[in-house]
Amino acid sequence: MDDDQRYLAVRSKDARFDGMFYLGVTSTGIYCRPSCPAVTPKRENTRFFPSAAAAQRTGFRACKRCRPDASPGSPEWNVRADAVGRAMRLIADGAVDRDGVAGLAAQVGYSERQLNRMLVAELGAGPLALARAQRARTARVLIETTGLSLSDAAFAAGFSSIRQFNDTVREVFDRSPSQLRRLSAGGAQRPGADSSAGDSTHAGTVTLRLPLRPPIDLDHLFGFLAARAIPGVEEVSGGVYRRVLTLPHGSGVVHISRGDSDDHVWCRLCLDLLKDLGTAVQRCRRLLDLDTDPRAVAEVLGADGSPLAGLVAARPGLRAPAGADSTEMAVRAVVGQQISVSAARTVAGRLVERFGTPLATPQQGLTHTFPGPEALAGVSPQDLPMPAGRAEALIALSQALDSGDIDLCPGTDRDEAAARLRGLSGIGPWTSDYIRMRALGDPDVFLTTDLGVRRSLERLGRPGDPRAAEREAQAWRPWRSYATHHLWASALTSPAPPAARGAADEPNHDEDGHDDRRRENDPGRTADGGGPTGTRARRSGGVRRARRRNPAV
């Protein structure tokens with residue numbers, strides 16, 4: 001997209017481009033989002049920036065009317081796997097505030113100077129300026145939605161001094177922190193927030209809007225999360241999704257509910273330390289896939305002649321949720337091998353009860369944080385409620401995550417992480433690809449060997465064998481993860497074909513001797529692994545191999 005095309009998007013007030021670029025108006029010295037309702041400036045008075053930080057670095061102030069700092073994030077950084085994309089995901093997760101530019105550069109694998117040069121070339125601002133823009137957004141949220149003193153808000157937002165905080169807020173928003181507070185509603189409770197979350201004026205509680213690009217199929221998204229909710233860690237009830245978050249400086253609990261309109265959801269965060277606010281917000285956005293552009297996805301998957309066109313039309317705005325914690329999602333992927341979703345929830349709940357850390361203040365059914373790799377790395381296979389082979393795979397994964405041999409942070413090299421995962425015994429292509437899609441948020445993963453995907457393709461009249469499915473999916477790049485979710489969702493409303501019912505126990509492929517079959521997306525299965533009537537399907541003429549059992553099961 002060139003500047004003339006960007007100007008056409010500004011003239012049409014197209015909200016799809018909010019967060020993808022920013023408009024600077026030279027006659028007023030402000031910068032706006034493309035959908036700003038103000039009068040469109042003349043073409044000669046406009047400049048375009050790839051990031052808010054670049055506009056701020058050039059001396060532009062944020063528009064008080066359209067609030068460009070509250071735009072959804074750009075979907076580009078979820079798609080890109082290069083150094084700039086990885087760095088942007090890390091900056092959004094708070095890496096600069098925690099580890100500095102040196103730590104960011106080390107995680108990406110470049111020198112500080114080279115990384116700064118790449119970011120300036122692509123985004124018009126270096127890592128410090130990008131992190132500063134993020135701190136300014138966090139500061140505004142704290143000023144306008146909490147009763148914190150301004151000094152506490154400054155340090156919670158990541159600023160190292162009160163002077164830096166005051167100067168940044170004045171420069172970016174053209175108002176002092178005290179002026180922003182006087183013009184806001186302070187810590188008042190927002191509509192749609194869950195009243196059971198606790199006192200909204202508590203120092204560790206923040207209620208805010210998470211902007212998104214509509215449409216969004218929130219019913220299906222909450223249903224997907226509810227079906228996989230681990231007891232003690234997450235739950236869905238009364239139209240509100242709640243879960244425990246493990247954050248860099250402590251823990252927290254998030255309550256997410258439907259917004260007043262389709263361009264946002266309400267998010268209520270109860271944090272041990274407010275300095276984790278920026279990281280918590282970003283992880284909630286990744287969990288709900290709020291930065292995606294659903295229309296761009298629909299243009300590819302729903303193109304004329306695509307077998308997915310009907311599915312895309314039936315579920316506009318379907319998301320590909322990632323994990324709130326990448327290591328947790330990796331553990332859950334291994335736990336879920338060979339068993340149904342219900343059984344996987346039960347096993348994961350037992351892990352939480354035995355190895356998780358109890359919350360200082362439990363909230364309803366939320367009682368523990370999910371056990372980290374350090375808690376599972378030293379256990380014995382006999383201590384885990386699963387077959388011995390899977391227990392050994394889970395311990396090996398936990399040890400690799402704990403030692404740093406495998407890195408699943410937002411900015412990791414996805415290809416390298418997948419290769420290292422496949423080097424572990426008991427983890428093969430399906431598990432590594434599932435981790436890549438759900439833990440790392442890769443939008444371009446297609447699970448060709450997944451039983452639910454294969455059955456859904458067959459219902460659409462397409463061959464379900466992995467090689468044919470892989471060839472078919474090439475046309476769906478770079479949104480193959482969304483294709484996987486559409487095929488999973490179609491299985492919830494379509495009966496399995498007779499041939500598929502008869503092969504219900506046939507493994508998809510072998511993972512170093514373990515059956516890495518995934519039954520979670522087979523709607524005909526029940527918690528005991530049985531068929532539609534609760535009895536185990538039989539393979540005609542087949543011989544069932546006895547499985548090794550762990551006494552802890």
# chains A, B, ... in the order shown; residues from 1 in each chain; ligands from 1

$ residues_around --residues "region 19-33 of chain A" --least-positions-apart "4" --cutoff "6 Å" --atoms "only C-alpha atoms" --output "list in words"
Asn45, Thr46, Arg47, Phe48, Phe49, Pro50, Phe60, Arg61, Ala62, Cys63, Pro68, Ser71, Pro72, Gly73 and Ser74 of chain A

$ write_last_selection --atoms "N, CA, C and O atoms" --output "JSON list (two decimals), in the first residue's frame"
[["chain", "number", "residue", "atom", "x", "y", "z"],
["A", 45, "ASN", "N", -1.24, 18.12, 3.22],
["A", 45, "ASN", "CA", -1.00, 18.34, 4.65],
["A", 45, "ASN", "C", -0.91, 17.04, 5.44],
["A", 45, "ASN", "O", -1.00, 17.05, 6.67],
["A", 46, "THR", "N", -0.74, 15.93, 4.74],
["A", 46, "THR", "CA", -0.73, 14.63, 5.43],
["A", 46, "THR", "C", 0.62, 13.94, 5.31],
["A", 46, "THR", "O", 1.34, 14.10, 4.32],
["A", 47, "ARG", "N", 0.95, 13.21, 6.36],
["A", 47, "ARG", "CA", 2.08, 12.29, 6.37],
["A", 47, "ARG", "C", 1.60, 10.97, 6.97],
["A", 47, "ARG", "O", 0.69, 10.96, 7.79],
["A", 48, "PHE", "N", 2.22, 9.89, 6.55],
["A", 48, "PHE", "CA", 1.78, 8.58, 7.02],
["A", 48, "PHE", "C", 2.92, 7.88, 7.74],
["A", 48, "PHE", "O", 4.08, 7.96, 7.33],
["A", 49, "PHE", "N", 2.55, 7.20, 8.84],
["A", 49, "PHE", "CA", 3.54, 6.56, 9.69],
["A", 49, "PHE", "C", 3.13, 5.10, 9.94],
["A", 49, "PHE", "O", 1.94, 4.81, 10.12],
["A", 50, "PRO", "N", 4.11, 4.19, 9.98],
["A", 50, "PRO", "CA", 3.78, 2.78, 10.22],
["A", 50, "PRO", "C", 3.51, 2.47, 11.70],
["A", 50, "PRO", "O", 3.03, 1.38, 12.00],
["A", 60, "PHE", "N", 4.51, 14.73, 16.42],
["A", 60, "PHE", "CA", 3.04, 14.79, 16.37],
["A", 60, "PHE", "C", 2.46, 14.34, 17.71],
["A", 60, "PHE", "O", 2.99, 13.45, 18.37],
["A", 61, "ARG", "N", 1.32, 14.94, 18.07],
["A", 61, "ARG", "CA", 0.61, 14.58, 19.28],
["A", 61, "ARG", "C", -0.63, 13.77, 18.93],
["A", 61, "ARG", "O", -1.21, 13.93, 17.85],
["A", 62, "ALA", "N", -1.08, 12.94, 19.87],
["A", 62, "ALA", "CA", -2.25, 12.09, 19.63],
["A", 62, "ALA", "C", -3.52, 12.92, 19.54],
["A", 62, "ALA", "O", -3.73, 13.84, 20.33],
["A", 63, "CYS", "N", -4.37, 12.59, 18.59],
["A", 63, "CYS", "CA", -5.66, 13.26, 18.42],
["A", 63, "CYS", "C", -6.53, 13.00, 19.64],
["A", 63, "CYS", "O", -6.66, 11.87, 20.10],
["A", 68, "PRO", "N", -5.84, 7.68, 18.76],
["A", 68, "PRO", "CA", -5.16, 6.62, 17.99],
["A", 68, "PRO", "C", -4.40, 5.64, 18.86],
["A", 68, "PRO", "O", -4.11, 4.52, 18.43],
["A", 71, "SER", "N", -6.14, 2.21, 19.28],
["A", 71, "SER", "CA", -6.44, 1.38, 18.11],
["A", 71, "SER", "C", -6.05, -0.07, 18.37],
["A", 71, "SER", "O", -5.17, -0.36, 19.18],
["A", 72, "PRO", "N", -6.70, -1.03, 17.67],
["A", 72, "PRO", "CA", -6.23, -2.41, 17.75],
["A", 72, "PRO", "C", -4.81, -2.51, 17.20],
["A", 72, "PRO", "O", -4.37, -1.66, 16.42],
["A", 73, "GLY", "N", -4.08, -3.56, 17.59],
["A", 73, "GLY", "CA", -2.74, -3.75, 17.08],
["A", 73, "GLY", "C", -2.75, -4.18, 15.62],
["A", 73, "GLY", "O", -3.77, -4.61, 15.09],
["A", 74, "SER", "N", -1.61, -4.09, 14.98],
["A", 74, "SER", "CA", -1.51, -4.49, 13.58],
["A", 74, "SER", "C", -1.41, -6.01, 13.48],
["A", 74, "SER", "O", -0.60, -6.63, 14.16]]

$ residues_around --residues "Ser326 (chain A)" --least-positions-apart "5" --cutoff "7 Å" --atoms "only C-alpha atoms" --output "PyMOL selection string"
chain A and resi 408-409+439-440

$ write_last_selection --atoms "C-alpha atoms" --output "CSV table (one decimal), in the first residue's frame"
chain,number,residue,atom,x,y,z
A,408,LEU,CA,8.4,-20.4,23.5
A,409,CYS,CA,8.4,-16.6,24.1
A,439,ALA,CA,1.3,-21.4,22.1
A,440,LEU,CA,3.1,-19.2,19.5

$ residues_around --residues "Leu424 (chain A)" --least-positions-apart "2" --cutoff "12 Å" --atoms "only C-alpha atoms" --output "list in words"
Val334, Arg390, Glu392, Ala393, Leu394, Ile395, Ala396, Leu397, Ser398, Gln399, Ala400, Leu401, Asp405, Ile406, Ala417, Ala418, Ala419, Arg420, Leu421, Arg422, Gly426, Ile427, Gly428, Pro429, Thr431, Ser432, Glu511 and Asp512 of chain A

$ write_last_selection --atoms "C-alpha atoms" --output "PDB file, in the first residue's frame"
ATOM      1  CA  VAL A 334       1.081 -33.149  25.432  1.00  0.00           C
ATOM      2  CA  ARG A 390       3.142 -39.544  27.848  1.00  0.00           C
ATOM      3  CA  GLU A 392       7.994 -39.111  30.152  1.00  0.00           C
ATOM      4  CA  ALA A 393       7.294 -36.842  27.169  1.00  0.00           C
ATOM      5  CA  LEU A 394       5.757 -34.213  29.455  1.00  0.00           C
ATOM      6  CA  ILE A 395       8.751 -34.288  31.812  1.00  0.00           C
ATOM      7  CA  ALA A 396      11.207 -34.037  28.905  1.00  0.00           C
ATOM      8  CA  LEU A 397       9.287 -31.035  27.536  1.00  0.00           C
ATOM      9  CA  SER A 398       9.212 -29.357  30.962  1.00  0.00           C
ATOM     10  CA  GLN A 399      12.951 -29.885  31.417  1.00  0.00           C
ATOM     11  CA  ALA A 400      13.683 -28.384  27.985  1.00  0.00           C
ATOM     12  CA  LEU A 401      11.486 -25.365  28.733  1.00  0.00           C
ATOM     13  CA  ASP A 405      16.768 -25.392  25.435  1.00  0.00           C
ATOM     14  CA  ILE A 406      13.324 -24.669  23.983  1.00  0.00           C
ATOM     15  CA  ALA A 417      11.108 -23.957  18.142  1.00  0.00           C
ATOM     16  CA  ALA A 418       9.099 -26.505  16.145  1.00  0.00           C
ATOM     17  CA  ALA A 419      12.265 -28.364  15.136  1.00  0.00           C
ATOM     18  CA  ARG A 420      13.472 -28.528  18.742  1.00  0.00           C
ATOM     19  CA  LEU A 421      10.071 -29.760  19.906  1.00  0.00           C
ATOM     20  CA  ARG A 422      10.142 -32.583  17.363  1.00  0.00           C
ATOM     21  CA  GLY A 426       6.878 -38.407  22.302  1.00  0.00           C
ATOM     22  CA  ILE A 427       6.397 -35.144  20.374  1.00  0.00           C
ATOM     23  CA  GLY A 428       5.807 -35.427  16.664  1.00  0.00           C
ATOM     24  CA  PRO A 429       4.388 -33.276  13.858  1.00  0.00           C
ATOM     25  CA  THR A 431       1.896 -31.898  18.708  1.00  0.00           C
ATOM     26  CA  SER A 432       4.615 -29.499  17.537  1.00  0.00           C
ATOM     27  CA  GLU A 511       4.845 -40.199  17.725  1.00  0.00           C
ATOM     28  CA  ASP A 512       7.899 -42.280  18.668  1.00  0.00           C
TER      29      ASP A 512
END

$ residues_around --residues "Leu142 (chain A)" --least-positions-apart "5" --cutoff "8 Å" --atoms "only C-alpha atoms" --output "MDAnalysis selection string"
chainID A and resid 148 153 157 206

$ closest_residue --among "A:Glu472, A:Asp262, A:Glu44, A:Asp413" --to "Tyr7 (chain A)" --atoms "only C-alpha atoms"
A:Glu44

$ closest_residue --among "A:Ala333, A:Leu221, A:Leu273, A:Ala9" --to "Thr246 (chain A)" --atoms "only C-alpha atoms"
A:Leu273

$ closest_residue --among "A:Leu210, A:Leu288, A:Leu247, A:Ile91" --to "Phe222 (chain A)" --atoms "only C-alpha atoms"
A:Leu288
